[in-house]
Amino acid sequence: QVQLAESGGGLVQAGGSLRLSCAFYGKTFAHFVMGWYRQAPGKQRESVATITSGYSTNYADSVKGRFTISRDHAKNMVYLQMTSLKPEDTAVYYCNARSFVGEDYWGEGTLVTVSS
């Protein structure tokens with residue numbers, strides 16, 4: 001079983017920055033593709049960014065150039081550095097771990113609120 005613990009959310013003004021962190025516990029970190037997803041009020045959950053164990057990344061078009069996902073294999077951590085934040089980035093952000101054998105785990109989420 002994998003446990004994921006997000007931190008780093010909060011209230012920030014438009015144009016500001018935040019860094020989200022996700023701690024991974026329970027299995028071999030390198031066996032999982034890690035990702036950040038978000039869900040805004042009244043909307044479906046969407047992928048924000050993913051990163052493989054080989055550090056290949058993928059971003060949603062809406063965050064390209066503003067967000068950076070990274071992972072630290074020594075600490076079993078995943079990060080999402082968010083810059084130039086916009087009110088439309090307001091959402092609950094979830095950490096996700098997905099293995100190649102179909103395991104899929106989610107954290108409880110951390111709220112990011114961007115004020116205009």
# chains A, B, ... in the order shown; residues from 1 in each chain; ligands from 1

$ residues_around --residues "A:Trp106" --least-positions-apart "5" --cutoff "12 Å" --atoms "only C-alpha atoms" --output "VMD selection string"
chain A and resid 1 to 6 22 to 25 34 to 38 93 to 98

$ write_last_selection --atoms "C-alpha atoms" --output "PDB file, in the first residue's frame"
ATOM      1  CA  GLN A   1       0.000   0.000   0.000  1.00  0.00           C
ATOM      2  CA  VAL A   2       1.212   3.497  -0.854  1.00  0.00           C
ATOM      3  CA  GLN A   3       0.479   6.602   1.173  1.00  0.00           C
ATOM      4  CA  LEU A   4       0.832  10.092  -0.216  1.00  0.00           C
ATOM      5  CA  ALA A   5       0.915  13.252   1.875  1.00  0.00           C
ATOM      6  CA  GLU A   6       0.636  16.641   0.192  1.00  0.00           C
ATOM      7  CA  CYS A  22       4.188  15.234  -1.805  1.00  0.00           C
ATOM      8  CA  ALA A  23       5.769  12.614   0.434  1.00  0.00           C
ATOM      9  CA  PHE A  24       5.597   8.999  -0.798  1.00  0.00           C
ATOM     10  CA  TYR A  25       5.503   6.087   1.616  1.00  0.00           C
ATOM     11  CA  MET A  34       4.133  10.530 -10.115  1.00  0.00           C
ATOM     12  CA  GLY A  35       1.700  13.268 -10.965  1.00  0.00           C
ATOM     13  CA  TRP A  36      -0.158  16.308  -9.800  1.00  0.00           C
ATOM     14  CA  TYR A  37      -3.829  16.709 -10.599  1.00  0.00           C
ATOM     15  CA  ARG A  38      -6.289  19.400  -9.648  1.00  0.00           C
ATOM     16  CA  TYR A  93      -4.302  19.781  -5.880  1.00  0.00           C
ATOM     17  CA  TYR A  94      -3.820  16.038  -5.561  1.00  0.00           C
ATOM     18  CA  CYS A  95      -0.692  13.955  -5.676  1.00  0.00           C
ATOM     19  CA  ASN A  96      -0.942  10.696  -7.628  1.00  0.00           C
ATOM     20  CA  ALA A  97       1.232   7.599  -7.891  1.00  0.00           C
ATOM     21  CA  ARG A  98       0.662   5.144 -10.731  1.00  0.00           C
TER      22      ARG A  98
END

$ closest_residue --among "A:Thr57, A:Thr50, A:Ser21, A:Gln39" --to "A:Thr113" --atoms "only C-alpha atoms"
A:Gln39

$ select_by_dssp --residues "chain A" --states "strand (DSSP E or B)" --output "PyMOL selection string"
chain A and resi 3-7+10-13+18-25+32-39+46-51+57-59+67-72+77-82+91-99+104-106+110-115

$ atom_distance --atom1 "atom CA of A:Gly15" --atom2 "atom CA of A:Glu108"
26.0 Å

$ residues_around --residues "A:Phe29" --least-positions-apart "2" --cutoff "10 Å" --atoms "only C-alpha atoms" --output "PyMOL selection string"
chain A and resi 2+24-27+31-34+53+71-77+97+99

$ closest_residue --among "A:Thr83, A:Ser56, A:Ser115, A:Thr90" --to "A:Gly42" --atoms "only C-alpha atoms"
A:Thr90

$ residues_around --residues "A:Leu20" --least-positions-apart "4" --cutoff "6 Å" --atoms "only C-alpha atoms" --output "PDB file with all heavy atoms, in the first residue's frame"
ATOM      1  N   SER A   7       1.507  18.760   0.887  1.00  0.00           N
ATOM      2  CA  SER A   7       1.624  19.956   1.722  1.00  0.00           C
ATOM      3  C   SER A   7       1.999  21.130   0.827  1.00  0.00           C
ATOM      4  O   SER A   7       2.422  20.938  -0.316  1.00  0.00           O
ATOM      5  CB  SER A   7       2.667  19.764   2.827  1.00  0.00           C
ATOM      6  OG  SER A   7       3.934  19.513   2.272  1.00  0.00           O
ATOM      7  N   GLY A   8       1.849  22.340   1.368  1.00  0.00           N
ATOM      8  CA  GLY A   8       2.301  23.514   0.652  1.00  0.00           C
ATOM      9  C   GLY A   8       1.220  24.383   0.050  1.00  0.00           C
ATOM     10  O   GLY A   8       1.512  25.446  -0.503  1.00  0.00           O
ATOM     11  N   TYR A  79       7.556  17.311  -6.160  1.00  0.00           N
ATOM     12  CA  TYR A  79       7.272  18.733  -5.950  1.00  0.00           C
ATOM     13  C   TYR A  79       6.567  19.319  -7.164  1.00  0.00           C
ATOM     14  O   TYR A  79       6.731  18.834  -8.290  1.00  0.00           O
ATOM     15  CB  TYR A  79       8.574  19.497  -5.719  1.00  0.00           C
ATOM     16  CG  TYR A  79       9.420  18.951  -4.602  1.00  0.00           C
ATOM     17  CD1 TYR A  79      10.489  18.100  -4.861  1.00  0.00           C
ATOM     18  CD2 TYR A  79       9.137  19.270  -3.282  1.00  0.00           C
ATOM     19  CE1 TYR A  79      11.266  17.590  -3.835  1.00  0.00           C
ATOM     20  CE2 TYR A  79       9.907  18.756  -2.243  1.00  0.00           C
ATOM     21  CZ  TYR A  79      10.963  17.926  -2.529  1.00  0.00           C
ATOM     22  OH  TYR A  79      11.733  17.417  -1.505  1.00  0.00           O
ATOM     23  N   LEU A  80       5.811  20.361  -6.925  1.00  0.00           N
ATOM     24  CA  LEU A  80       5.236  21.153  -8.009  1.00  0.00           C
ATOM     25  C   LEU A  80       5.513  22.617  -7.699  1.00  0.00           C
ATOM     26  O   LEU A  80       4.913  23.179  -6.774  1.00  0.00           O
ATOM     27  CB  LEU A  80       3.738  20.905  -8.159  1.00  0.00           C
ATOM     28  CG  LEU A  80       3.104  21.603  -9.358  1.00  0.00           C
ATOM     29  CD1 LEU A  80       3.592  20.958 -10.665  1.00  0.00           C
ATOM     30  CD2 LEU A  80       1.577  21.529  -9.299  1.00  0.00           C
TER      31      LEU A  80
END

$ residues_around --residues "A:Ala60" --least-positions-apart "3" --cutoff "7 Å" --atoms "only C-alpha atoms" --output "list of chain:residue names"
A:Ser47, A:Val48, A:Ala49, A:Val63, A:Lys64

$ atom_distance --atom1 "atom CA of A:Asn58" --atom2 "atom CA of A:Val78"
14.1 Å

$ select_by_dssp --residues "chain A" --states "helix (DSSP H, G or I)" --output "short mmCIF file (atom, residue, chain, number, x, y, z; two decimals) with N, CA and C atoms, in the first residue's frame"
data_model
loop_
_atom_site.label_atom_id
_atom_site.label_comp_id
_atom_site.auth_asym_id
_atom_site.auth_seq_id
_atom_site.Cartn_x
_atom_site.Cartn_y
_atom_site.Cartn_z
N PHE A 29 9.58 3.78 -4.66
CA PHE A 29 9.25 5.04 -5.33
C PHE A 29 9.54 5.00 -6.82
N ALA A 30 10.64 4.40 -7.19
CA ALA A 30 11.07 4.39 -8.58
C ALA A 30 10.15 3.57 -9.48
N HIS A 31 9.26 2.80 -8.91
CA HIS A 31 8.34 1.98 -9.70
C HIS A 31 7.08 2.74 -10.11
N PRO A 87 -5.90 33.32 -11.00
CA PRO A 87 -7.11 32.90 -10.26
C PRO A 87 -7.66 31.57 -10.76
N GLU A 88 -7.53 31.30 -12.04
CA GLU A 88 -8.04 30.03 -12.58
C GLU A 88 -7.21 28.82 -12.16
N ASP A 89 -6.11 29.03 -11.48
CA ASP A 89 -5.34 27.92 -10.91
C ASP A 89 -5.91 27.47 -9.57
#

$ decode --residues "stretch 2-18 of chain A" --atoms "all heavy atoms" --output "PDB file, in the first residue's frame"
ATOM      1  N   VAL A   2       0.494   2.231  -0.773  1.00  0.00           N
ATOM      2  CA  VAL A   2       1.212   3.497  -0.854  1.00  0.00           C
ATOM      3  C   VAL A   2       0.410   4.570  -0.139  1.00  0.00           C
ATOM      4  O   VAL A   2      -0.822   4.629  -0.241  1.00  0.00           O
ATOM      5  CB  VAL A   2       1.435   3.897  -2.321  1.00  0.00           C
ATOM      6  CG1 VAL A   2       1.888   5.338  -2.447  1.00  0.00           C
ATOM      7  CG2 VAL A   2       2.450   2.958  -2.979  1.00  0.00           C
ATOM      8  N   GLN A   3       1.102   5.416   0.583  1.00  0.00           N
ATOM      9  CA  GLN A   3       0.479   6.602   1.173  1.00  0.00           C
ATOM     10  C   GLN A   3       1.161   7.845   0.617  1.00  0.00           C
ATOM     11  O   GLN A   3       2.390   7.861   0.471  1.00  0.00           O
ATOM     12  CB  GLN A   3       0.595   6.581   2.691  1.00  0.00           C
ATOM     13  CG  GLN A   3      -0.251   5.494   3.346  1.00  0.00           C
ATOM     14  CD  GLN A   3      -0.173   5.517   4.849  1.00  0.00           C
ATOM     15  OE1 GLN A   3       0.899   5.691   5.420  1.00  0.00           O
ATOM     16  NE2 GLN A   3      -1.307   5.357   5.500  1.00  0.00           N
ATOM     17  N   LEU A   4       0.337   8.835   0.329  1.00  0.00           N
ATOM     18  CA  LEU A   4       0.832  10.092  -0.216  1.00  0.00           C
ATOM     19  C   LEU A   4       0.361  11.230   0.674  1.00  0.00           C
ATOM     20  O   LEU A   4      -0.824  11.283   1.034  1.00  0.00           O
ATOM     21  CB  LEU A   4       0.309  10.302  -1.642  1.00  0.00           C
ATOM     22  CG  LEU A   4       0.652   9.206  -2.656  1.00  0.00           C
ATOM     23  CD1 LEU A   4      -0.112   9.431  -3.950  1.00  0.00           C
ATOM     24  CD2 LEU A   4       2.144   9.165  -2.913  1.00  0.00           C
ATOM     25  N   ALA A   5       1.260  12.133   0.997  1.00  0.00           N
ATOM     26  CA  ALA A   5       0.915  13.252   1.875  1.00  0.00           C
ATOM     27  C   ALA A   5       1.345  14.559   1.232  1.00  0.00           C
ATOM     28  O   ALA A   5       2.544  14.821   1.101  1.00  0.00           O
ATOM     29  CB  ALA A   5       1.583  13.073   3.232  1.00  0.00           C
ATOM     30  N   GLU A   6       0.350  15.353   0.832  1.00  0.00           N
ATOM     31  CA  GLU A   6       0.636  16.641   0.192  1.00  0.00           C
ATOM     32  C   GLU A   6       0.771  17.739   1.245  1.00  0.00           C
ATOM     33  O   GLU A   6       0.157  17.682   2.315  1.00  0.00           O
ATOM     34  CB  GLU A   6      -0.481  17.055  -0.776  1.00  0.00           C
ATOM     35  CG  GLU A   6      -0.774  16.074  -1.877  1.00  0.00           C
ATOM     36  CD  GLU A   6      -2.016  15.260  -1.622  1.00  0.00           C
ATOM     37  OE1 GLU A   6      -2.368  15.074  -0.437  1.00  0.00           O
ATOM     38  OE2 GLU A   6      -2.647  14.815  -2.600  1.00  0.00           O
ATOM     39  N   SER A   7       1.507  18.760   0.887  1.00  0.00           N
ATOM     40  CA  SER A   7       1.624  19.956   1.722  1.00  0.00           C
ATOM     41  C   SER A   7       1.999  21.130   0.827  1.00  0.00           C
ATOM     42  O   SER A   7       2.422  20.938  -0.316  1.00  0.00           O
ATOM     43  CB  SER A   7       2.667  19.764   2.827  1.00  0.00           C
ATOM     44  OG  SER A   7       3.934  19.513   2.272  1.00  0.00           O
ATOM     45  N   GLY A   8       1.849  22.340   1.368  1.00  0.00           N
ATOM     46  CA  GLY A   8       2.301  23.514   0.652  1.00  0.00           C
ATOM     47  C   GLY A   8       1.220  24.383   0.050  1.00  0.00           C
ATOM     48  O   GLY A   8       1.512  25.446  -0.503  1.00  0.00           O
ATOM     49  N   GLY A   9      -0.026  23.949   0.130  1.00  0.00           N
ATOM     50  CA  GLY A   9      -1.097  24.784  -0.406  1.00  0.00           C
ATOM     51  C   GLY A   9      -1.329  26.007   0.451  1.00  0.00           C
ATOM     52  O   GLY A   9      -0.769  26.156   1.538  1.00  0.00           O
ATOM     53  N   GLY A  10      -2.160  26.907  -0.055  1.00  0.00           N
ATOM     54  CA  GLY A  10      -2.461  28.116   0.704  1.00  0.00           C
ATOM     55  C   GLY A  10      -3.057  29.189  -0.179  1.00  0.00           C
ATOM     56  O   GLY A  10      -3.466  28.936  -1.319  1.00  0.00           O
ATOM     57  N   LEU A  11      -3.104  30.389   0.377  1.00  0.00           N
ATOM     58  CA  LEU A  11      -3.655  31.551  -0.326  1.00  0.00           C
ATOM     59  C   LEU A  11      -2.518  32.406  -0.857  1.00  0.00           C
ATOM     60  O   LEU A  11      -1.578  32.734  -0.119  1.00  0.00           O
ATOM     61  CB  LEU A  11      -4.519  32.359   0.632  1.00  0.00           C
ATOM     62  CG  LEU A  11      -5.071  33.692   0.126  1.00  0.00           C
ATOM     63  CD1 LEU A  11      -6.028  33.459  -1.045  1.00  0.00           C
ATOM     64  CD2 LEU A  11      -5.772  34.425   1.266  1.00  0.00           C
ATOM     65  N   VAL A  12      -2.605  32.767  -2.121  1.00  0.00           N
ATOM     66  CA  VAL A  12      -1.561  33.581  -2.745  1.00  0.00           C
ATOM     67  C   VAL A  12      -2.225  34.548  -3.713  1.00  0.00           C
ATOM     68  O   VAL A  12      -3.286  34.256  -4.283  1.00  0.00           O
ATOM     69  CB  VAL A  12      -0.526  32.685  -3.469  1.00  0.00           C
ATOM     70  CG1 VAL A  12      -1.165  31.905  -4.605  1.00  0.00           C
ATOM     71  CG2 VAL A  12       0.670  33.481  -3.930  1.00  0.00           C
ATOM     72  N   GLN A  13      -1.608  35.690  -3.904  1.00  0.00           N
ATOM     73  CA  GLN A  13      -2.125  36.658  -4.854  1.00  0.00           C
ATOM     74  C   GLN A  13      -1.748  36.265  -6.270  1.00  0.00           C
ATOM     75  O   GLN A  13      -0.727  35.578  -6.498  1.00  0.00           O
ATOM     76  CB  GLN A  13      -1.577  38.056  -4.548  1.00  0.00           C
ATOM     77  CG  GLN A  13      -2.174  38.691  -3.301  1.00  0.00           C
ATOM     78  CD  GLN A  13      -1.746  40.130  -3.136  1.00  0.00           C
ATOM     79  OE1 GLN A  13      -0.675  40.533  -3.597  1.00  0.00           O
ATOM     80  NE2 GLN A  13      -2.566  40.921  -2.469  1.00  0.00           N
ATOM     81  N   ALA A  14      -2.539  36.712  -7.213  1.00  0.00           N
ATOM     82  CA  ALA A  14      -2.232  36.467  -8.617  1.00  0.00           C
ATOM     83  C   ALA A  14      -0.828  36.980  -8.929  1.00  0.00           C
ATOM     84  O   ALA A  14      -0.434  38.068  -8.477  1.00  0.00           O
ATOM     85  CB  ALA A  14      -3.258  37.138  -9.508  1.00  0.00           C
ATOM     86  N   GLY A  15      -0.099  36.179  -9.695  1.00  0.00           N
ATOM     87  CA  GLY A  15       1.274  36.513 -10.005  1.00  0.00           C
ATOM     88  C   GLY A  15       2.290  35.936  -9.045  1.00  0.00           C
ATOM     89  O   GLY A  15       3.498  35.965  -9.309  1.00  0.00           O
ATOM     90  N   GLY A  16       1.812  35.406  -7.941  1.00  0.00           N
ATOM     91  CA  GLY A  16       2.689  34.851  -6.931  1.00  0.00           C
ATOM     92  C   GLY A  16       3.095  33.416  -7.224  1.00  0.00           C
ATOM     93  O   GLY A  16       2.771  32.857  -8.278  1.00  0.00           O
ATOM     94  N   SER A  17       3.812  32.831  -6.267  1.00  0.00           N
ATOM     95  CA  SER A  17       4.341  31.479  -6.420  1.00  0.00           C
ATOM     96  C   SER A  17       4.036  30.635  -5.193  1.00  0.00           C
ATOM     97  O   SER A  17       3.885  31.172  -4.083  1.00  0.00           O
ATOM     98  CB  SER A  17       5.864  31.528  -6.614  1.00  0.00           C
ATOM     99  OG  SER A  17       6.207  32.261  -7.764  1.00  0.00           O
ATOM    100  N   LEU A  18       3.962  29.348  -5.409  1.00  0.00           N
ATOM    101  CA  LEU A  18       3.831  28.371  -4.335  1.00  0.00           C
ATOM    102  C   LEU A  18       4.575  27.113  -4.760  1.00  0.00           C
ATOM    103  O   LEU A  18       4.673  26.823  -5.957  1.00  0.00           O
ATOM    104  CB  LEU A  18       2.367  27.998  -4.081  1.00  0.00           C
ATOM    105  CG  LEU A  18       1.487  28.878  -3.205  1.00  0.00           C
ATOM    106  CD1 LEU A  18       0.065  28.324  -3.193  1.00  0.00           C
ATOM    107  CD2 LEU A  18       2.033  29.000  -1.804  1.00  0.00           C
TER     108      LEU A  18
END
